[in-house]
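Student: Pasting coords38.csv below, which is CSV, C-alpha atoms.
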```
chain,number,residue,atom,x,y,z
A,11,MET,CA,99.0,77.2,122.8
A,12,GLU,CA,100.8,80.2,121.3
A,13,LEU,CA,102.3,83.2,123.0
A,14,GLN,CA,101.5,86.7,121.7
A,15,VAL,CA,102.6,90.1,122.8
A,16,VAL,CA,100.8,93.4,123.4
A,17,LEU,CA,103.3,96.1,122.5
A,18,PRO,CA,103.8,99.2,124.7
A,19,ASN,CA,102.1,102.2,123.2
A,20,GLU,CA,101.1,104.2,126.2
A,21,SER,CA,103.9,106.8,126.4
A,22,PRO,CA,104.0,109.9,124.2
A,23,SER,CA,107.8,109.9,124.6
A,24,LEU,CA,108.3,106.5,123.1
A,25,ARG,CA,109.9,106.6,119.6
A,26,PRO,CA,107.9,104.7,117.0
A,27,GLN,CA,111.2,103.1,115.9
A,28,ARG,CA,111.3,101.5,119.4
A,29,ILE,CA,107.9,99.8,118.8
A,30,ALA,CA,109.2,98.4,115.5
A,31,GLU,CA,112.3,97.1,117.3
A,32,LEU,CA,110.2,95.4,119.9
A,33,ALA,CA,108.0,93.8,117.2
A,34,THR,CA,111.1,92.5,115.5
A,35,THR,CA,112.5,91.1,118.8
A,36,ALA,CA,109.1,89.5,119.5
A,37,GLU,CA,109.1,87.8,116.0
A,38,LYS,CA,112.6,86.5,116.5
A,39,ALA,CA,111.8,85.2,120.0
A,40,GLY,CA,108.9,83.2,118.7
A,41,TYR,CA,105.8,85.3,119.6
A,42,ARG,CA,103.1,84.6,117.0
A,43,ALA,CA,101.2,87.9,117.1
A,44,ALA,CA,101.8,91.5,118.1
A,45,TRP,CA,98.9,93.7,119.3
A,46,LEU,CA,98.4,97.4,119.7
A,47,PRO,CA,95.8,99.2,121.8
A,48,ASP,CA,93.6,102.2,120.8
A,49,HIS,CA,92.3,105.4,122.2
A,50,LEU,CA,91.5,108.5,120.2
A,51,LEU,CA,91.0,111.3,122.7
A,52,PRO,CA,91.0,110.0,126.3
A,53,PRO,CA,89.9,112.4,129.1
A,54,ALA,CA,93.2,111.8,131.0
A,55,PRO,CA,96.9,111.5,129.9
A,56,TYR,CA,98.0,108.4,128.1
A,57,GLY,CA,99.5,105.8,130.4
A,58,SER,CA,98.6,102.4,131.9
A,59,THR,CA,94.8,103.1,131.7
A,60,TYR,CA,94.8,104.8,128.3
A,61,GLY,CA,97.1,103.1,125.8
A,62,GLY,CA,97.3,103.8,122.1
A,63,VAL,CA,99.4,107.0,121.6
A,64,TYR,CA,100.2,106.0,118.1
A,65,GLU,CA,97.2,105.2,115.9
A,66,PRO,CA,97.2,101.4,115.7
A,67,LEU,CA,96.3,100.7,112.1
A,68,VAL,CA,98.8,103.3,110.8
A,69,THR,CA,101.4,101.9,113.2
A,70,LEU,CA,100.8,98.3,112.1
A,71,THR,CA,101.6,99.3,108.6
A,72,TYR,CA,104.9,100.5,109.8
A,73,LEU,CA,105.5,97.3,111.8
A,74,ALA,CA,104.6,95.2,108.7
A,75,ALA,CA,107.5,96.8,106.9
A,76,HIS,CA,109.9,95.6,109.7
A,77,THR,CA,108.6,92.1,110.2
A,78,THR,CA,107.9,89.1,108.0
A,79,THR,CA,105.9,86.4,109.8
A,80,ILE,CA,104.4,87.7,113.0
A,81,ARG,CA,100.7,88.4,112.9
A,82,LEU,CA,99.6,92.0,113.6
A,83,GLY,CA,96.4,93.1,115.3
A,84,THR,CA,94.5,95.7,117.3
A,85,SER,CA,93.6,94.9,120.9
A,86,VAL,CA,91.2,96.5,120.6
A,87,LEU,CA,90.1,99.1,118.1
A,88,ILE,CA,87.2,101.1,119.5
A,89,LEU,CA,85.0,100.5,116.5
A,90,PRO,CA,81.9,102.7,117.2
A,91,MET,CA,84.1,105.8,117.6
A,92,ARG,CA,85.2,105.5,114.0
A,93,ASN,CA,83.7,105.6,110.5
A,94,PRO,CA,83.5,101.9,109.6
A,95,PHE,CA,84.2,102.7,105.9
A,96,VAL,CA,87.5,104.3,106.8
A,97,VAL,CA,88.3,101.3,109.2
A,98,ALA,CA,87.6,98.9,106.3
A,99,LYS,CA,89.9,100.8,104.0
A,100,GLN,CA,92.7,101.0,106.5
A,101,ALA,CA,92.3,97.4,107.6
A,102,ALA,CA,92.3,96.1,104.0
A,103,THR,CA,95.4,98.2,103.2
A,104,VAL,CA,97.3,96.9,106.3
A,105,ASP,CA,96.4,93.4,105.4
A,106,VAL,CA,97.6,93.7,101.8
A,107,ILE,CA,100.8,95.5,102.8
A,108,SER,CA,101.6,92.9,105.5
A,109,GLY,CA,100.9,89.9,103.2
A,110,GLY,CA,97.7,88.8,104.9
A,111,ARG,CA,98.9,89.1,108.5
A,112,LEU,CA,96.2,91.3,110.1
A,113,THR,CA,93.7,90.4,112.7
A,114,LEU,CA,91.2,93.2,113.4
A,115,GLY,CA,90.4,93.2,117.1
A,116,VAL,CA,87.4,95.4,118.0
A,117,GLY,CA,85.5,96.5,121.0
A,118,ILE,CA,82.6,98.8,121.9
A,119,GLY,CA,84.6,101.1,124.3
A,120,TRP,CA,83.9,102.0,127.9
A,121,ASP,CA,84.6,105.7,128.5
A,122,ALA,CA,81.6,107.9,127.9
A,123,GLN,CA,83.8,111.1,128.1
A,124,GLU,CA,85.9,109.9,125.2
A,125,PHE,CA,82.9,109.3,123.1
A,126,ALA,CA,81.5,112.7,123.9
A,127,ALA,CA,84.9,114.3,123.1
A,128,VAL,CA,84.9,112.9,119.6
A,129,GLY,CA,81.2,113.3,118.9
A,130,ALA,CA,80.3,109.6,119.0
A,131,ASP,CA,77.1,108.2,120.4
A,132,TYR,CA,77.9,106.3,123.6
A,133,ARG,CA,74.4,105.0,124.1
A,134,THR,CA,74.2,103.1,120.7
A,135,ARG,CA,77.8,101.9,120.7
A,136,ALA,CA,76.9,98.2,121.0
A,137,ALA,CA,74.4,98.2,118.1
A,138,ARG,CA,76.7,100.3,116.0
A,139,THR,CA,79.6,97.9,116.6
A,140,ASP,CA,77.5,94.9,115.5
A,141,GLU,CA,76.3,96.7,112.4
A,142,ALA,CA,79.8,97.9,111.6
A,143,ILE,CA,81.2,94.4,111.8
A,144,ALA,CA,78.6,93.3,109.3
A,145,LEU,CA,79.5,96.1,107.1
A,146,LEU,CA,83.3,95.3,107.3
A,147,ARG,CA,82.6,91.7,106.3
A,148,HIS,CA,80.4,93.0,103.4
A,149,LEU,CA,83.1,95.4,102.1
A,150,PHE,CA,85.9,92.8,102.4
A,151,GLY,CA,83.8,90.5,100.4
A,152,GLY,CA,83.4,93.1,97.7
A,153,SER,CA,79.6,92.9,97.1
A,154,GLY,CA,77.2,95.8,97.5
A,155,PRO,CA,74.9,97.6,98.2
A,156,PHE,CA,74.5,97.5,102.0
A,157,GLN,CA,71.8,99.1,104.1
A,158,GLY,CA,71.6,99.0,107.9
A,159,ARG,CA,70.2,101.2,110.6
A,160,TYR,CA,73.3,103.3,111.0
A,161,TYR,CA,75.5,102.6,107.9
A,162,GLY,CA,74.8,101.9,104.3
A,163,TYR,CA,75.5,102.7,100.7
A,164,GLN,CA,73.9,102.0,97.3
A,165,THR,CA,76.8,102.3,94.9
A,166,GLY,CA,80.6,102.2,95.4
A,167,VAL,CA,83.7,100.1,94.6
A,168,PHE,CA,85.8,98.9,97.5
A,169,GLN,CA,89.5,98.3,97.0
A,170,PRO,CA,92.0,96.9,97.9
A,171,ARG,CA,90.3,93.6,98.4
A,172,PRO,CA,91.9,91.3,101.0
A,173,ARG,CA,93.2,88.1,99.5
A,174,ARG,CA,91.3,86.1,102.2
A,175,PRO,CA,88.7,87.2,104.8
A,176,ILE,CA,90.4,89.3,107.5
A,177,PRO,CA,89.9,87.6,110.9
A,178,ILE,CA,87.8,89.7,113.3
A,179,MET,CA,88.5,89.4,117.0
A,180,VAL,CA,86.0,90.6,119.6
A,181,GLY,CA,87.4,91.6,123.0
A,182,GLY,CA,85.6,91.5,126.4
A,183,THR,CA,84.2,89.2,129.0
A,184,SER,CA,80.7,90.6,129.5
A,185,ASP,CA,77.7,88.6,128.4
A,186,ALA,CA,77.1,91.1,125.6
A,187,ALA,CA,80.7,90.7,124.4
A,188,LEU,CA,80.4,86.9,124.5
A,189,ARG,CA,77.1,87.1,122.5
A,190,ARG,CA,78.9,89.4,119.9
A,191,ALA,CA,81.8,87.1,119.7
A,192,ALA,CA,79.6,84.0,119.3
A,193,ALA,CA,77.6,85.6,116.5
A,194,LEU,CA,80.1,87.7,114.6
A,195,ALA,CA,83.7,87.0,115.4
A,196,ASP,CA,86.5,84.6,114.3
A,197,GLU,CA,88.4,85.1,117.6
A,198,TRP,CA,87.5,86.1,121.2
A,199,GLN,CA,90.0,87.8,123.5
A,200,ALA,CA,89.2,87.8,127.2
A,201,VAL,CA,90.8,90.4,129.6
A,202,GLY,CA,90.9,90.8,133.3
A,203,VAL,CA,90.2,87.2,134.2
A,204,ASN,CA,92.1,84.4,135.9
A,205,PRO,CA,92.2,80.9,134.4
A,206,ALA,CA,89.1,79.7,136.3
A,207,GLY,CA,87.2,82.8,135.2
A,208,PHE,CA,88.4,82.3,131.6
A,209,ALA,CA,87.2,78.7,131.6
A,210,GLU,CA,83.8,79.8,132.9
A,211,ARG,CA,83.5,82.5,130.2
A,212,LEU,CA,84.7,80.1,127.5
A,213,ALA,CA,82.0,77.6,128.5
A,214,ARG,CA,79.4,80.4,128.3
A,215,LEU,CA,80.7,81.4,124.8
A,216,ARG,CA,80.5,77.9,123.5
A,217,GLY,CA,77.0,77.5,124.8
A,218,LEU,CA,75.9,80.5,122.8
A,219,SER,CA,76.8,79.2,119.3
A,220,ASP,CA,78.0,76.2,117.3
A,221,ARG,CA,80.3,78.5,115.4
A,222,GLU,CA,84.1,77.9,115.8
A,223,VAL,CA,85.4,81.0,117.6
A,224,ARG,CA,89.1,80.9,118.6
A,225,PRO,CA,89.4,81.6,122.4
A,226,THR,CA,92.3,83.7,123.6
A,227,VAL,CA,93.2,85.8,126.6
A,228,ARG,CA,95.2,89.0,127.3
A,229,VAL,CA,97.2,89.3,130.5
A,230,ALA,CA,99.9,91.6,132.0
A,231,TRP,CA,103.2,90.9,133.6
A,232,ASN,CA,105.6,93.8,134.3
A,233,GLY,CA,108.1,91.9,136.4
A,234,ASP,CA,107.1,93.5,139.7
A,235,ARG,CA,104.3,92.0,141.8
A,236,VAL,CA,104.4,88.4,140.4
A,237,GLY,CA,107.5,86.4,139.8
A,238,LEU,CA,108.4,85.1,136.4
A,239,GLY,CA,107.8,81.5,137.4
A,240,LYS,CA,104.4,82.2,138.7
A,241,ALA,CA,103.5,84.3,135.6
A,242,VAL,CA,104.5,81.5,133.3
A,243,GLU,CA,102.7,78.9,135.5
A,244,GLN,CA,99.5,81.0,135.1
A,245,THR,CA,100.0,81.1,131.4
A,246,HIS,CA,100.1,77.3,131.2
A,247,ALA,CA,96.9,77.3,133.4
A,248,PHE,CA,95.2,79.4,130.7
A,249,ALA,CA,96.2,76.8,128.2
A,250,GLU,CA,94.7,74.1,130.3
A,251,ALA,CA,91.5,76.2,130.6
A,252,GLY,CA,91.2,76.2,126.9
A,253,ALA,CA,93.0,79.3,125.6
A,254,ALA,CA,94.5,78.9,122.1
A,255,ALA,CA,96.7,81.9,122.7
A,256,VAL,CA,97.8,84.2,125.5
A,257,ALA,CA,98.8,87.8,124.7
A,258,VAL,CA,101.1,89.4,127.3
A,259,TRP,CA,101.7,93.0,128.0
A,260,PHE,CA,105.1,93.4,129.7
A,261,GLY,CA,104.7,96.8,131.1
A,262,GLY,CA,106.4,100.0,130.1
A,263,ALA,CA,109.0,100.2,127.3
A,264,ASP,CA,112.0,100.3,129.6
A,265,GLY,CA,112.9,96.7,130.2
A,266,PHE,CA,110.1,95.5,128.0
A,267,ALA,CA,112.4,93.5,125.6
A,268,ASP,CA,114.2,91.8,128.5
A,269,ARG,CA,111.0,90.8,130.2
A,270,MET,CA,109.5,89.6,126.9
A,271,THR,CA,112.6,87.5,126.2
A,272,ARG,CA,112.9,86.0,129.6
A,273,PHE,CA,109.2,85.1,129.6
A,274,VAL,CA,109.3,83.2,126.4
A,275,GLU,CA,112.5,81.4,127.4
A,276,GLN,CA,110.9,80.3,130.7
A,277,PHE,CA,107.7,79.3,128.9
A,278,ALA,CA,109.6,77.0,126.6
```
How would this structure read if it were set down as structure tokens?
Tutor:
Amino acid sequence: MELQVVLPNESPSLRPQRIAELATTAEKAGYRAAWLPDHLLPPAPYGSTYGGVYEPLVTLTYLAAHTTTIRLGTSVLILPMRNPFVVAKQAATVDVISGGRLTLGVGIGWDAQEFAAVGADYRTRAARTDEAIALLRHLFGGSGPFQGRYYGYQTGVFQPRPRRPIPIMVGGTSDAALRRAAALADEWQAVGVNPAGFAERLARLRGLSDREVRPTVRVAWNGDRVGLGKAVEQTHAFAEAGAAAVAVWFGGADGFADRMTRFVEQFA
């Protein structure tokens, strides 16, 4: 099992250079992937509920220039709020610039107020997400035309072309998210579950399809309520439950590097 990190991107006062420094530190410490969250126009201030101050795909391009081996991803991009043609262009560009290190993590979103604020349809977000994923795959493959219920085109040239299919990760633990991951994703990222809950959801996922979908989980440890030893013990429990990777958010930027370093040392 590999360790991954969810970088702190929830404070407007955080310098973007600091995010790059943390990504570099994570790479040197042995973390295998770095994720960024996403929110466009949340109804309340950015913070622990609404992360994603800096736009994730733009920021990942910046991080790509400061790292060499660590994978880069979104956890998760709220896909139905966005034009999927623009997402495809951005994702392909990040992947080429980073040397093929992007994993595009997507979700359907959960805040109706944010959808309304940006003029996106909350009611059809699940169906739009499924169709947008199909369109992304289609564009990355470079063959057209494409016609769906919500998105389509007859003529057009898509470039840059990824050198290999960009892995798509679906986040979430609902039955609908599991069905989406089973049918459309390369990876699945659970959130808000304990190891037993992860094992149950993973069994459900595997019962939905014979496709190979890489199972991962996202957790949080900010050094306060749970001791380091117990947090690392839980991470090993996720591995025993079937997780191929655990992505950890280490709280706010202050002390983030120290907690991240201590965690990986204790894990090893």
Student: Within 10 Å of A:Val274, counting all atoms listed in the file, which residues show up once you throw out same-chain ones fewer than 2 positions away? Write them as a PyMOL selection string, please.
Tutor: chain A and resi 13-14+36+39-41+242+269-272+276-278
Student: For A:Thr134, which residue among A:Gly119, A:His148, A:Thr103, A:Leu24 is the nearest when counting all atoms listed in the file?
Tutor: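 Of the candidates, the smallest distance to A:Thr134 is held by A:Gly119.
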Student: Between atom CA of A:Thr139 and atom CA of A:Ile118, what is the distance in Å, rounded to a tenth?
Tutor: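 These atoms are spaced 6.2 Å apart.
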Student: Enter the distance from atom CA of A:Arg159 to atom CA of A:Asp220, in Å, rounded to one decimal.
Tutor: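 These two atoms are separated by 27.0 Å.
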Student: Distance atom CA of A:Leu114-atom CA of A:Gly83, one decimal place?
Tutor: 5.5 Å
Student: Within 7 Å of A:Gln123, counting all atoms listed in the file, which residues qualify if same-chain residues fewer than 3 places away don't, as a list in words?
Tutor: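 Returned residues: Pro53, Ala126 and Ala127 of chain A.
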Student: Pull the neighbourhood of (84.5, 98.0, 119.4) for me: all residues within 10 Å in file coordinates, counting all atoms listed in the file, as a list in words.
Tutor: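 Using all atoms listed in the file, the matching residues come out as Ser85, Val86, Leu87, Ile88, Leu89, Pro90, Met91, Arg92, Gly115, Val116, Gly117, Ile118, Gly119, Trp120, Arg135, Ala136, Arg138, Thr139, Asp140, Ala142, Ile143, Met179, Val180, Gly181, Gly182 and Ala187 of chain A.
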Student: Between A:Val16, A:Ala54, A:Val229, A:Val236, which has the minimum distance to A:Gly202 (counting only C-alpha atoms)?
Tutor: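 Using only C-alpha atoms, A:Gly202 sits closest to A:Val229.
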Student: Closest to A:Arg173 among A:Glu197, A:Ile107, A:Val203, A:Asn232, using all atoms listed in the file?
Tutor: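 Of A:Glu197, A:Ile107, A:Val203, A:Asn232, the one nearest A:Arg173 is A:Ile107, counting all atoms listed in the file.
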Student: Which neighbours of A:Gly109 fall inside 12 Å, counting only C-alpha atoms, when residues of the same chain fewer than 6 positions from it are skipped, and could you give them as a tab-separated table (two decimals) with C-alpha atoms, in the frame of the given file?
Tutor:
```tsv
chain	number	residue	atom	x	y	z
A	71	THR	CA	101.60	99.30	108.60
A	74	ALA	CA	104.60	95.20	108.70
A	75	ALA	CA	107.50	96.80	106.90
A	77	THR	CA	108.60	92.10	110.20
A	78	THR	CA	107.90	89.10	108.00
A	79	THR	CA	105.90	86.40	109.80
A	80	ILE	CA	104.40	87.70	113.00
A	81	ARG	CA	100.70	88.40	112.90
A	82	LEU	CA	99.60	92.00	113.60
A	102	ALA	CA	92.30	96.10	104.00
A	103	THR	CA	95.40	98.20	103.20
A	172	PRO	CA	91.90	91.30	101.00
A	173	ARG	CA	93.20	88.10	99.50
A	174	ARG	CA	91.30	86.10	102.20
A	176	ILE	CA	90.40	89.30	107.50
```
Student: Return the single residue from A:Phe150, A:Tyr72, A:Trp198, A:Phe248 that is closest to A:Thr34, with distances computed using all atoms listed in the file.
Tutor: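 With all atoms listed in the file as the atom set, the closest residue is A:Tyr72.
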Student: Leaving out A:Leu212 and any residue of its chain fewer than 4 positions from it, which residues lie within 8 Å of it when counting all atoms listed in the file, given as a ChimeraX atom specification?
Tutor: /A:208,216,225,252
Student: Give me the residues of stretch 11-38 of chain A that have any atom at most 7 Å from an atom of stretch 59-66 of chain A; for each, the nearest atom pair and the distance in Å, rounded to one decimal. Use all atoms listed in the file, sort by chain and number, and format it as a Markdown table.
Tutor:
```
| residue | atom | partner | partner_atom | distance |
| --- | --- | --- | --- | --- |
| A:Asn19 | CA | A:Gly62 | CA | 5.2 |
| A:Glu20 | CA | A:Gly61 | CA | 4.2 |
| A:Ser21 | CA | A:Val63 | CA | 6.6 |
| A:Pro22 | CA | A:Val63 | CA | 6.0 |
```
Student: Counting all atoms listed in the file, which of A:Thr84, A:Ala249, A:Leu67, A:Phe273 gets nearest to A:Trp231?
Tutor: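 Using all atoms listed in the file, the shortest distance to A:Trp231 belongs to A:Phe273.
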Student: Choose the residue, out of A:Gly262, A:Pro205, A:Leu149, A:Thr165, that has the smallest atom-to-atom separation from A:Ala241; count only C-alpha atoms.
Tutor: A:Pro205
Student: Tell me, as a ChimeraX atom specification, which residues lie within 6 Å of A:Val15, counting all atoms listed in the file; anything in the same chain fewer than 4 positions away does not count.
Tutor: /A:44,257-258
Student: From the block I gave, I'd like stretch 219-247 of chain A written with N, CA and C atoms, as a compact mmCIF listing (two decimals), in the first residue's frame.
Tutor:
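After the write, out23.txt holds the following:
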```txt
# COMPACT_ATOMS: atom_id res chain seq x y z
N SER A 219 -19.02 -5.07 -10.72
CA SER A 219 -18.36 -5.17 -12.02
C SER A 219 -17.15 -6.07 -11.92
N ASP A 220 -16.77 -6.66 -13.05
CA ASP A 220 -15.54 -7.44 -13.14
C ASP A 220 -14.35 -6.57 -13.52
N ARG A 221 -14.61 -5.27 -13.81
CA ARG A 221 -13.53 -4.36 -14.17
C ARG A 221 -12.58 -4.19 -12.99
N GLU A 222 -11.31 -3.98 -13.29
CA GLU A 222 -10.30 -3.73 -12.25
C GLU A 222 -10.31 -2.24 -11.92
N VAL A 223 -10.79 -1.90 -10.74
CA VAL A 223 -10.83 -0.52 -10.28
C VAL A 223 -9.97 -0.43 -9.02
N ARG A 224 -8.96 0.42 -9.05
CA ARG A 224 -8.02 0.52 -7.93
C ARG A 224 -8.70 1.18 -6.72
N PRO A 225 -8.75 0.49 -5.58
CA PRO A 225 -9.46 1.04 -4.42
C PRO A 225 -8.52 1.84 -3.51
N THR A 226 -8.91 3.05 -3.19
CA THR A 226 -8.13 3.91 -2.31
C THR A 226 -9.07 4.62 -1.33
N VAL A 227 -8.48 5.30 -0.36
CA VAL A 227 -9.28 5.99 0.64
C VAL A 227 -8.60 7.29 1.04
N ARG A 228 -9.41 8.27 1.38
CA ARG A 228 -8.91 9.57 1.84
C ARG A 228 -9.28 9.74 3.31
N VAL A 229 -8.28 10.12 4.15
CA VAL A 229 -8.50 10.31 5.57
C VAL A 229 -7.87 11.63 6.01
N ALA A 230 -8.08 11.97 7.27
CA ALA A 230 -7.52 13.21 7.81
C ALA A 230 -6.84 12.92 9.14
N TRP A 231 -5.71 13.58 9.38
CA TRP A 231 -5.04 13.56 10.68
C TRP A 231 -4.33 14.90 10.86
N ASN A 232 -4.82 15.67 11.82
CA ASN A 232 -4.23 16.99 12.06
C ASN A 232 -3.42 17.07 13.34
N GLY A 233 -3.18 15.89 13.96
CA GLY A 233 -2.32 15.85 15.13
C GLY A 233 -3.01 16.16 16.43
N ASP A 234 -4.32 16.40 16.42
CA ASP A 234 -5.00 16.85 17.64
C ASP A 234 -5.71 15.72 18.36
N ARG A 235 -6.81 15.25 17.80
CA ARG A 235 -7.69 14.35 18.52
C ARG A 235 -7.19 12.91 18.59
N VAL A 236 -6.45 12.48 17.61
CA VAL A 236 -5.96 11.11 17.55
C VAL A 236 -4.44 11.13 17.52
N GLY A 237 -3.81 10.33 18.34
CA GLY A 237 -2.36 10.28 18.39
C GLY A 237 -1.76 9.72 17.10
N LEU A 238 -0.49 10.01 16.91
CA LEU A 238 0.19 9.58 15.70
C LEU A 238 0.17 8.06 15.56
N GLY A 239 0.47 7.37 16.65
CA GLY A 239 0.49 5.91 16.59
C GLY A 239 -0.84 5.33 16.18
N LYS A 240 -1.92 5.88 16.74
CA LYS A 240 -3.24 5.36 16.41
C LYS A 240 -3.61 5.67 14.97
N ALA A 241 -3.21 6.87 14.48
CA ALA A 241 -3.50 7.24 13.09
C ALA A 241 -2.77 6.31 12.12
N VAL A 242 -1.52 6.00 12.43
CA VAL A 242 -0.76 5.09 11.57
C VAL A 242 -1.33 3.68 11.65
N GLU A 243 -1.75 3.27 12.84
CA GLU A 243 -2.37 1.95 13.00
C GLU A 243 -3.63 1.85 12.15
N GLN A 244 -4.43 2.91 12.12
CA GLN A 244 -5.64 2.90 11.30
C GLN A 244 -5.28 2.82 9.81
N THR A 245 -4.20 3.48 9.41
CA THR A 245 -3.77 3.43 8.02
C THR A 245 -3.42 1.99 7.61
N HIS A 246 -2.72 1.29 8.49
CA HIS A 246 -2.42 -0.11 8.21
C HIS A 246 -3.70 -0.94 8.15
N ALA A 247 -4.68 -0.57 8.97
CA ALA A 247 -5.95 -1.29 8.94
C ALA A 247 -6.66 -1.10 7.60
```
